[in-house]
>>> print(open('start-v1.cif').read())   # mmCIF, C-alpha atoms
data_structure
#
loop_
_atom_site.label_atom_id
_atom_site.label_comp_id
_atom_site.auth_asym_id
_atom_site.auth_seq_id
_atom_site.Cartn_x
_atom_site.Cartn_y
_atom_site.Cartn_z
CA MET A 1 243.40 112.30 95.94
CA ASN A 2 240.02 110.81 95.31
CA GLY A 3 237.69 109.32 97.95
CA GLU A 4 238.91 105.77 97.42
CA GLN A 5 242.61 106.70 97.85
CA SER A 6 241.90 108.70 101.02
CA ALA A 7 239.92 105.77 102.39
CA LEU A 8 242.83 103.41 101.68
CA LEU A 9 245.26 105.73 103.45
CA GLU A 10 242.99 105.88 106.48
CA ILE A 11 242.75 102.09 106.55
CA LEU A 12 246.51 101.68 106.13
CA ASN A 13 247.04 104.03 109.04
CA ALA A 14 244.57 102.08 111.11
CA ILE A 15 246.28 98.75 110.46
CA GLU A 16 249.74 100.29 110.64
CA TYR A 17 250.57 99.48 107.02
CA GLY A 18 250.19 95.73 107.50
CA ASN A 19 252.67 95.38 110.36
CA LEU A 20 250.09 93.86 112.69
CA SER A 21 248.98 90.29 113.26
CA THR A 22 246.05 88.93 111.27
CA GLU A 23 243.77 88.94 114.32
CA GLU A 24 244.67 92.51 115.25
CA THR A 25 244.23 93.66 111.62
CA ARG A 26 240.76 92.01 111.53
CA ARG A 27 239.84 93.63 114.84
CA ARG A 28 240.90 97.10 113.66
CA LEU A 29 239.11 96.77 110.33
CA GLU A 30 235.89 95.75 112.11
CA GLU A 31 236.36 98.64 114.55
CA LEU A 32 236.77 101.06 111.65
CA ILE A 33 233.59 99.77 109.96
CA ASP A 34 231.66 100.12 113.22
CA TYR A 35 233.00 103.64 113.70
CA GLU A 36 232.01 104.70 110.17
CA ILE A 37 228.57 103.23 110.42
CA ASN A 38 227.80 104.48 113.92
CA LYS A 39 229.27 107.98 113.72
CA THR A 40 226.69 110.71 114.13
CA ASP A 41 228.67 113.89 113.40
CA ALA A 42 229.09 113.19 109.67
CA PRO A 43 227.74 110.82 107.03
CA ALA A 44 229.41 107.39 106.83
CA ASN A 45 232.25 107.12 104.35
CA MET A 46 231.00 104.20 102.30
CA GLU A 47 234.35 103.92 100.46
CA ILE A 48 236.12 103.13 103.76
CA VAL A 49 233.41 100.61 104.68
CA ASP A 50 233.67 98.95 101.24
CA GLU A 51 237.49 98.81 101.29
CA CYS A 52 237.49 97.44 104.85
CA GLU A 53 235.04 94.74 103.80
CA LYS A 54 237.33 93.92 100.85
CA LEU A 55 240.29 93.49 103.17
CA LEU A 56 238.26 91.45 105.68
CA TRP A 57 237.10 89.21 102.84
CA ALA A 58 240.71 88.74 101.71
CA LEU A 59 241.79 87.99 105.27
CA ASN A 60 238.99 85.49 105.89
CA THR A 61 239.37 83.70 102.53
CA LYS A 62 243.17 84.13 102.48
CA GLY A 63 242.82 85.68 98.99
CA LYS A 64 241.39 82.52 97.45
CA LEU A 65 238.02 84.02 96.55
CA PRO A 66 237.67 87.34 94.70
CA PHE A 67 235.68 90.02 96.54
CA ILE A 68 232.56 91.16 94.75
CA SER A 69 231.46 94.56 95.91
CA ASN A 70 227.71 95.29 96.05
CA LEU A 71 228.33 98.92 96.85
CA LYS A 72 227.03 100.35 93.59
CA SER A 73 223.96 98.17 93.35
CA ASN A 74 223.11 98.68 97.02
CA LYS A 75 223.54 102.42 96.69
CA GLN A 76 221.40 102.51 93.56
CA SER A 77 218.57 100.50 95.09
CA VAL A 78 218.59 102.61 98.25
CA LEU A 79 218.61 105.87 96.28
CA LYS A 80 215.89 104.57 93.97
CA ARG A 81 213.70 103.75 96.93
CA ILE A 82 214.39 107.10 98.59
CA ASN A 83 213.80 109.12 95.44
CA ARG A 84 210.73 107.24 94.31
CA PRO A 85 208.03 109.79 93.37
CA PHE A 86 204.71 109.79 95.18
CA ASN A 87 202.49 107.45 93.13
CA ILE A 88 198.74 107.86 93.68
CA ARG A 89 198.03 104.62 91.82
CA GLN A 90 200.27 102.63 94.12
CA VAL A 91 198.75 104.27 97.20
CA THR A 92 195.28 103.43 95.86
CA LYS A 93 196.40 99.86 95.14
CA PHE A 94 197.85 99.48 98.63
CA THR A 95 194.67 100.90 100.21
CA PHE A 96 192.59 98.54 98.11
CA GLN A 97 194.74 95.58 99.19
CA VAL A 98 194.36 96.48 102.86
CA ALA A 99 190.59 96.97 102.44
CA SER A 100 190.32 93.64 100.57
CA LEU A 101 192.20 91.85 103.33
CA ALA A 102 189.93 93.38 105.96
CA ALA A 103 186.87 92.41 103.90
CA ILE A 104 188.12 88.83 103.50
CA ILE A 105 188.67 88.54 107.27
CA PHE A 106 185.22 90.03 107.93
CA ILE A 107 183.45 87.77 105.39
CA SER A 108 185.32 84.74 106.73
CA VAL A 109 184.16 85.46 110.27
CA ILE A 110 180.56 86.05 109.14
CA GLY A 111 180.70 83.04 106.81
CA PHE A 112 181.95 80.84 109.62
CA ASP A 113 179.06 82.03 111.74
CA ILE A 114 176.55 81.38 108.95
CA LEU A 115 178.01 77.99 108.10
CA PHE A 116 178.27 76.71 111.62
CA ARG A 117 175.47 78.50 113.42
CA LYS A 118 172.70 78.71 110.89
CA GLU A 119 169.04 77.82 111.30
CA TRP A 120 166.78 76.51 108.61
CA LEU A 121 163.54 74.58 108.05
CA ILE A 122 162.95 71.31 106.28
CA ASN A 123 159.47 70.44 105.02
CA TYR A 124 158.36 67.02 103.88
CA SER A 125 155.48 64.57 103.83
CA THR A 126 155.62 61.30 105.73
CA PRO A 127 155.98 58.17 103.54
CA ASP A 128 152.28 57.34 103.99
CA GLU A 129 151.42 60.95 102.97
CA GLN A 130 149.26 61.42 106.05
CA GLN A 131 151.25 64.22 107.62
CA TYR A 132 153.19 67.17 106.31
CA ILE A 133 156.08 68.06 108.61
CA ILE A 134 157.84 71.36 109.15
CA GLN A 135 160.97 70.86 111.18
CA GLY A 136 163.46 73.45 112.39
CA GLN A 137 167.13 72.62 112.01
CA LYS A 138 170.13 74.19 113.64
CA ASN A 139 173.81 73.79 112.99
CA ASP A 140 175.57 75.07 116.06
CA PRO A 141 178.92 73.62 117.16
CA THR A 142 178.70 75.33 120.51
CA LEU A 143 176.92 73.65 123.35
CA ILE A 144 174.30 75.61 125.20
CA ASP A 145 175.14 76.68 128.71
CA SER A 146 172.93 75.11 131.29
CA ALA A 147 170.40 77.88 131.06
CA SER A 148 166.97 77.17 132.36
CA ALA A 149 163.70 78.90 132.78
CA ILE A 150 163.83 81.45 135.56
CA GLY A 151 160.89 80.97 137.89
CA ASP A 152 157.44 79.99 136.78
CA GLN A 153 156.43 80.16 133.17
CA THR A 154 154.21 83.09 132.41
CA GLU A 155 151.34 82.00 130.21
CA ARG A 156 148.61 84.37 129.16
CA THR A 157 145.47 83.61 127.23
CA LEU A 158 142.70 85.76 125.87
CA THR A 159 139.44 84.86 124.12
CA THR A 160 137.71 87.82 122.53
CA THR A 161 135.60 88.93 119.59
CA ILE A 162 137.19 92.40 119.40
CA TYR A 163 140.23 92.64 117.16
CA SER A 164 141.68 95.68 118.96
CA ASP A 165 141.96 93.47 122.07
CA VAL A 166 144.14 91.12 120.03
CA ILE A 167 146.46 94.00 119.11
CA SER A 168 146.61 95.06 122.76
CA PHE A 169 147.37 91.49 123.86
CA PHE A 170 150.33 91.03 121.51
CA GLY A 171 151.47 94.63 121.44
CA PHE A 172 151.39 94.63 117.64
CA ASP A 173 148.91 93.93 114.85
CA PRO A 174 149.32 90.32 113.62
CA LEU A 175 147.39 91.35 110.46
CA ALA A 176 144.95 88.46 110.69
CA ASP A 177 141.91 90.54 109.75
CA ASN A 178 143.37 92.29 106.70
CA ALA A 179 142.07 89.89 104.06
CA ILE A 180 138.70 89.26 105.71
CA SER A 181 135.86 90.59 103.58
CA ALA A 182 132.58 91.91 104.93
CA ASN A 183 130.92 88.53 104.21
CA TRP A 184 132.88 86.92 106.99
CA ARG A 185 132.11 87.43 110.65
CA ALA A 186 134.77 87.08 113.29
CA GLU A 187 133.47 84.39 115.62
CA LYS A 188 136.31 84.62 118.14
CA TYR A 189 140.01 85.28 118.55
CA ILE A 190 142.07 83.13 120.90
CA CYS A 191 145.44 84.54 121.91
CA PHE A 192 148.14 82.62 123.76
CA SER A 193 151.51 83.81 124.95
CA SER A 194 154.33 82.06 126.84
CA ASP A 195 158.02 82.82 127.30
CA GLU A 196 158.90 80.76 124.23
CA ASN A 197 156.11 81.33 121.75
CA SER A 198 152.81 83.03 121.07
CA SER A 199 149.89 82.08 118.91
CA LEU A 200 146.76 83.60 117.50
CA ARG A 201 143.76 81.59 116.37
CA ALA A 202 141.17 83.59 114.48
CA TYR A 203 137.82 81.94 113.69
CA TYR A 204 135.48 83.30 111.00
CA VAL A 205 132.09 82.15 109.68
CA ASN A 206 130.20 82.95 106.52
CA GLY A 207 126.86 81.12 106.45
CA GLN A 208 127.75 77.43 106.39
CA ASP A 209 131.42 78.08 105.67
CA SER A 210 134.05 78.44 108.31
CA LEU A 211 137.65 79.58 108.24
CA ARG A 212 140.39 79.44 110.85
CA ILE A 213 143.68 81.30 110.69
CA THR A 214 146.41 80.14 113.07
CA ILE A 215 149.60 82.15 113.42
CA ASP A 216 152.37 80.76 115.64
CA PHE A 217 155.18 83.11 116.62
CA TYR A 218 158.38 81.44 117.83
CA ASN A 219 161.50 82.85 119.44
CA SER A 220 163.59 80.42 117.42
CA MET A 221 162.36 78.44 114.42
CA SER A 222 165.07 75.82 114.95
CA ASP A 223 163.19 74.65 118.07
CA VAL A 224 159.97 73.88 116.17
CA THR A 225 158.46 70.64 114.89
CA THR A 226 154.97 70.91 113.37
CA TYR A 227 152.81 68.17 111.87
CA VAL A 228 149.88 69.05 109.58
CA GLU A 229 147.37 66.28 108.92
CA GLN A 230 146.39 65.58 105.30
CA HIS A 231 144.47 63.07 103.22
CA SER A 232 147.33 62.67 100.76
CA ASN A 233 150.27 64.62 99.41
CA GLY A 234 149.39 68.24 98.77
CA ILE A 235 150.64 70.88 96.38
CA HIS A 236 153.30 73.55 96.69
CA GLN A 237 152.31 76.84 95.11
CA ASP A 238 154.32 80.03 94.93
CA ILE A 239 152.16 82.99 95.92
CA ASN A 240 153.88 86.37 95.99
CA GLY A 241 157.24 84.63 96.40
CA ILE A 242 156.10 82.51 99.35
CA ASP A 243 155.95 78.72 99.18
CA ILE A 244 152.37 77.81 100.14
CA TYR A 245 151.65 74.15 100.82
CA TYR A 246 148.02 73.05 100.66
CA ALA A 247 146.19 69.75 100.95
CA MET A 248 142.80 68.37 101.98
CA ASN A 249 142.08 67.03 105.45
CA ASN A 250 138.66 65.98 106.77
CA GLU A 251 137.12 67.51 103.63
CA ARG A 252 138.61 70.86 104.62
CA PHE A 253 141.20 72.84 102.71
CA THR A 254 144.30 73.12 104.84
CA SER A 255 147.41 75.11 104.08
CA VAL A 256 150.66 76.03 105.80
CA TRP A 257 153.56 78.38 105.13
CA THR A 258 156.32 80.13 107.06
CA ILE A 259 157.48 83.73 107.07
CA LYS A 260 160.49 84.58 109.25
CA ASN A 261 159.75 83.18 112.73
CA ARG A 262 156.05 82.60 112.06
CA ILE A 263 154.09 79.57 110.94
CA TYR A 264 150.75 80.36 109.27
CA ARG A 265 148.02 77.76 108.90
CA ILE A 266 144.61 78.14 107.32
CA SER A 267 141.85 75.59 107.54
CA THR A 268 138.55 76.24 105.76
CA THR A 269 135.51 74.67 104.18
CA ILE A 270 135.57 76.96 101.12
CA GLN A 271 136.62 75.70 97.69
CA ILE A 272 140.31 75.42 96.77
CA ASN A 273 140.34 78.32 94.28
CA ALA A 274 138.52 80.62 96.69
CA ALA A 275 140.90 79.57 99.46
CA LEU A 276 143.94 80.29 97.29
CA ASN A 277 142.52 83.72 96.40
CA PHE A 278 142.02 84.37 100.08
CA ILE A 279 145.65 83.40 100.82
CA THR A 280 146.87 85.69 98.02
CA ASN A 281 144.98 88.62 99.58
CA PHE A 282 146.10 87.58 103.06
CA ILE A 283 149.78 87.47 102.13
CA GLY A 284 149.40 90.87 100.51
CA GLY A 285 148.10 92.07 103.84
CA SER A 286 150.69 90.35 106.02
CA MET B 1 139.72 15.32 87.52
CA ILE B 2 140.71 17.93 84.93
CA PHE B 3 137.50 19.86 85.65
CA ARG B 4 138.32 19.85 89.39
CA LYS B 5 141.84 21.20 88.76
CA LYS B 6 140.45 23.98 86.55
CA THR B 7 137.91 24.92 89.22
CA VAL B 8 140.61 25.13 91.90
CA PHE B 9 142.85 27.20 89.61
CA LEU B 10 140.05 29.61 88.65
CA THR B 11 138.96 29.97 92.29
CA PHE B 12 142.57 30.73 93.30
CA MET B 13 142.94 33.33 90.51
CA PHE B 14 139.61 34.91 91.46
CA LEU B 15 140.69 35.21 95.09
CA LEU B 16 144.04 36.66 94.03
CA PHE B 17 142.42 39.34 91.81
CA THR B 18 139.85 40.13 94.50
CA LEU B 19 142.62 40.62 97.06
CA PHE B 20 144.64 42.84 94.70
CA PHE B 21 141.75 45.09 93.65
CA SER B 22 140.25 45.36 97.12
CA THR B 23 143.61 46.56 98.49
CA SER B 24 143.98 49.05 95.64
CA LEU B 25 140.50 50.40 96.13
CA ALA B 26 140.98 50.59 99.87
CA ASN B 27 144.07 52.72 99.37
CA SER B 28 142.31 55.08 97.03
CA ILE B 29 138.97 55.39 98.77
CA ILE B 30 139.48 55.08 102.49
CA PRO B 31 141.23 58.18 103.82
CA TYR B 32 143.78 57.70 106.57
CA GLU B 33 143.67 61.28 107.71
CA SER B 34 142.80 62.08 111.25
CA LYS B 35 139.12 62.54 112.06
CA ILE B 36 139.93 65.18 114.62
CA PHE B 37 143.51 66.48 114.39
CA ASP B 38 144.35 69.31 112.01
CA SER B 39 147.88 70.01 113.19
CA TYR B 40 150.11 69.66 116.25
CA SER B 41 153.45 71.14 117.23
CA ILE B 42 156.18 70.82 119.78
CA SER B 43 159.01 73.21 120.48
CA PHE B 44 161.96 72.45 122.76
CA SER B 45 164.01 75.51 123.56
CA SER B 46 167.50 76.13 124.91
CA ASN B 47 165.82 77.32 128.12
CA LYS B 48 164.66 73.70 128.65
CA ILE B 49 161.02 74.62 128.08
CA ALA B 50 158.76 72.45 125.94
CA THR B 51 155.85 74.19 124.23
CA PHE B 52 152.87 72.22 122.94
CA SER B 53 150.17 73.27 120.51
CA CYS B 54 147.47 71.52 118.54
CA ASP B 55 144.46 72.46 116.41
CA LEU B 56 141.44 70.21 115.99
CA SER B 57 138.92 70.09 113.19
CA LYS B 58 136.03 70.00 115.69
CA THR B 59 135.45 70.57 119.37
CA ALA B 60 136.67 67.69 121.52
CA SER B 61 135.33 66.94 124.97
CA SER B 62 138.94 66.46 126.05
CA VAL B 63 142.27 67.36 124.49
CA LYS B 64 145.58 66.94 126.29
CA VAL B 65 149.26 66.13 126.13
CA SER B 66 148.74 62.79 127.82
CA ARG B 67 152.43 61.87 127.96
CA CYS B 68 155.63 63.82 127.72
CA THR B 69 158.88 61.85 127.86
CA ILE B 70 162.29 63.51 128.23
CA GLN B 71 164.91 61.48 126.40
CA LYS B 72 168.71 61.67 126.66
CA LYS B 73 171.08 60.71 123.87
CA VAL B 74 173.53 58.00 124.97
CA TRP B 75 176.22 56.06 123.19
CA ASN B 76 175.46 52.35 122.98
CA THR B 77 178.89 50.74 123.09
CA SER B 78 177.71 47.26 122.12
CA LEU B 79 175.73 48.44 119.08
CA LYS B 80 178.17 51.30 118.40
CA LYS B 81 175.39 53.80 117.82
CA TYR B 82 173.46 56.48 119.66
CA ASP B 83 170.27 55.55 121.50
CA TRP B 84 167.67 57.62 123.30
CA ASN B 85 167.14 56.73 126.97
CA ASN B 86 163.96 57.79 128.72
CA VAL B 87 164.89 60.09 131.59
CA LYS B 88 161.44 61.04 132.84
CA THR B 89 157.85 60.63 131.71
CA LEU B 90 155.26 63.19 132.76
CA SER B 91 151.51 62.64 132.47
CA ASN B 92 148.85 65.14 131.47
CA VAL B 93 151.26 68.03 131.06
CA CYS B 94 148.53 70.33 129.76
CA SER B 95 144.90 69.76 128.94
CA ALA B 96 141.64 71.44 127.96
CA THR B 97 137.99 70.42 127.90
CA ASN B 98 135.38 71.20 125.25
CA SER B 99 137.99 72.84 123.08
CA ASP B 100 139.16 72.67 119.47
CA TYR B 101 142.74 73.67 120.33
CA LEU B 102 145.43 73.25 122.97
CA SER B 103 148.33 75.53 123.86
CA GLY B 104 150.67 75.11 126.78
CA SER B 105 154.25 74.88 127.94
CA LYS B 106 156.25 73.00 130.56
CA ASP B 107 159.54 73.83 132.26
CA LEU B 108 161.65 70.66 132.10
CA SER B 109 164.84 72.09 133.59
CA SER B 110 164.64 69.97 136.75
CA TYR B 111 164.96 66.79 134.64
CA ILE B 112 167.71 67.95 132.32
CA GLY B 113 171.44 67.98 133.07
CA SER B 114 174.34 68.04 130.67
CA GLY B 115 174.11 66.16 127.39
CA THR B 116 171.78 66.02 124.42
CA TYR B 117 168.05 65.82 125.06
CA ARG B 118 164.76 65.74 123.18
CA VAL B 119 161.08 65.48 124.11
CA TYR B 120 158.58 62.91 122.91
CA ALA B 121 154.94 63.93 123.42
CA THR B 122 151.58 62.31 122.76
CA PHE B 123 148.48 64.40 122.07
CA VAL B 124 145.11 62.78 122.76
CA ALA B 125 141.79 64.23 121.62
CA ASP B 126 138.58 62.28 122.16
CA GLY B 127 140.47 58.99 122.21
CA GLU B 128 142.51 59.58 119.05
CA SER B 129 146.23 60.09 119.58
CA ARG B 130 149.18 61.56 117.72
CA SER B 131 152.81 61.42 118.85
CA ILE B 132 155.55 63.87 117.98
CA THR B 133 159.28 64.14 118.73
CA SER B 134 160.96 67.47 119.27
CA ASN B 135 164.27 68.66 117.93
CA GLU B 136 167.29 67.71 120.02
CA CYS B 137 169.16 70.22 122.13
CA ALA B 138 172.68 69.89 123.61
CA PHE B 139 173.48 71.35 127.03
CA LYS B 140 176.83 71.83 128.80
#
>>> encode(input="start-v1.cif", output="structure tokens")
Amino acid sequence: MNGEQSALLEILNAIEYGNLSTEETRRRLEELIDYEINKTDAPANMEIVDECEKLLWALNTKGKLPFISNLKSNKQSVLKRINRPFNIRQVTKFTFQVASLAAIIFISVIGFDILFRKEWLINYSTPDEQQYIIQGQKNDPTLIDSASAIGDQTERTLTTTIYSDVISFFGFDPLADNAISANWRAEKYICFSSDENSSLRAYYVNGQDSLRITIDFYNSMSDVTTYVEQHSNGIHQDINGIDIYYAMNNERFTSVWTIKNRIYRISTTIQINAALNFITNFIGGS
Amino acid sequence: MIFRKKTVFLTFMFLLFTLFFSTSLANSIIPYESKIFDSYSISFSSNKIATFSCDLSKTASSVKVSRCTIQKKVWNTSLKKYDWNNVKTLSNVCSATNSDYLSGSKDLSSYIGSGTYRVYATFVADGESRSITSNECAFK
């Protein structure tokens, strides 16, 4: 007796060889399937389950629809999945997919932050060419909490002729003196510091010529609006990768550029070419 | 009669050319740049502090932020656009004498509530003035 015949005998016993009502037969068949599936002492007899399903199908459709058994295909697919060999390529692919998904989520979060919270500067001349404007911009969808200055503003100022005092004042070297040759004499340094920004003004003289370097340090460049006076539209020149804007104002060479959270301005009586050479050396130093 | 008409026409054309060339020359020769200001800045931070700074091309007997107006952004329902309402104007916020620069700051938190604000400031040095508007800042 093969497995299928023994299964049929067991089913026939269970339904008392068809001498029961339809409802009772259905109930017993379902009970037998549940028993086979849920038994823990031995593996389920899939032949009994399949034959019971056949009979249930016949009962429910009153024999009008043929029963199509998926036993073989189900078994094959389950066995195939169980017996699948360990594939390093697939593991690598899966790991890569997970890593890619994590990267996409990470980049999306960062990208959202950059897109909606970024700061940048716009520079332009007024229509009458009399001012060059540097204006901080901010794209931040979140409103600022009602923060306010705590207590009195602390402002400090220092006027000195000794550069080491400047370094002590700021706590770092602003590199103002680096490009100054021996021909120039430091006339004075004026340092200013508040809770929101700091600035250094360095004044130099060389005979009849004068030169002033102003460096403004800001906590946030998006808060800044700066106007530079000019006679007419100036020129943008790339020096060591930095966009230097220069123009003439009051017969003085004036220039402005930004690096990170700093605005640099130079105003001098020396000729344009000499001033540009000075800026090149200065940028090399800063 | 014909001579009179020609004279009037030529006089008119002469005046027209004179006007045109004088305007052109004025634009090219007379500089509009400031006689005293080199640069000026304003910064309005999320801590409700305005910072002012200006550099002059020569020493001025007096340099100051003569006026600082706090403005609030409001919706104008009739014009269906945003306007800036003056909330408070402060005089002589910071000043210096016999100086070629000015640096200073002012805590404006007592004038600022919730909404979008900006600061409009006027620098004056030896009688010449320059006005500047800060960035706007939104507060909860």
>>> closest_residue(input="start-v1.cif", among="A:Ile239, A:Ile215, A:Ala103, A:Ile134", to="A:Ser193", atoms="all atoms listed in the file")
A:Ile215
>>> residues_around(input="start-v1.cif", residues="A:Cys191", least_positions_apart="2", cutoff="7 Å", atoms="all atoms listed in the file", output="list in words")
Thr157, Leu158, Thr159, Val166, Tyr189, Ser193, Ser199, Leu200 and Arg201 of chain A
>>> write_last_selection(input="start-v1.cif", atoms="C-alpha atoms", output="short mmCIF file (atom, residue, chain, number, x, y, z; two decimals), keeping the file's coordinate frame")
data_model
loop_
_atom_site.label_atom_id
_atom_site.label_comp_id
_atom_site.auth_asym_id
_atom_site.auth_seq_id
_atom_site.Cartn_x
_atom_site.Cartn_y
_atom_site.Cartn_z
CA THR A 157 145.47 83.61 127.23
CA LEU A 158 142.70 85.76 125.87
CA THR A 159 139.44 84.86 124.12
CA VAL A 166 144.14 91.12 120.03
CA TYR A 189 140.01 85.28 118.55
CA SER A 193 151.51 83.81 124.95
CA SER A 199 149.89 82.08 118.91
CA LEU A 200 146.76 83.60 117.50
CA ARG A 201 143.76 81.59 116.37
#
>>> atom_distance(input="start-v1.cif", atom1="atom CA of A:Asp223", atom2="atom CA of A:Ile263")
12.6 Å
>>> residues_near_point(input="start-v1.cif", point="(169.5, 65.6, 123.9)", cutoff="8 Å", atoms="all atoms listed in the file", output="ChimeraX atom specification")
/B:71-73,115-118,136-139
>>> resolve_selection(input="start-v1.cif", expression="the PyMOL selection byres ((chain B and resi 65) around 7)", output="CSV table (one decimal) with C-alpha atoms, in the frame of the given file")
chain,number,residue,atom,x,y,z
B,64,LYS,CA,145.6,66.9,126.3
B,66,SER,CA,148.7,62.8,127.8
B,67,ARG,CA,152.4,61.9,128.0
B,68,CYS,CA,155.6,63.8,127.7
B,92,ASN,CA,148.8,65.1,131.5
B,93,VAL,CA,151.3,68.0,131.1
B,94,CYS,CA,148.5,70.3,129.8
B,95,SER,CA,144.9,69.8,128.9
B,121,ALA,CA,154.9,63.9,123.4
B,122,THR,CA,151.6,62.3,122.8
B,123,PHE,CA,148.5,64.4,122.1
B,124,VAL,CA,145.1,62.8,122.8
>>> resolve_selection(input="start-v1.cif", expression="the PyMOL selection byres ((chain B) within 6 of (chain A))", output="PyMOL selection string")
chain B and resi 31+33+38-45+47-48+109+134+138-140
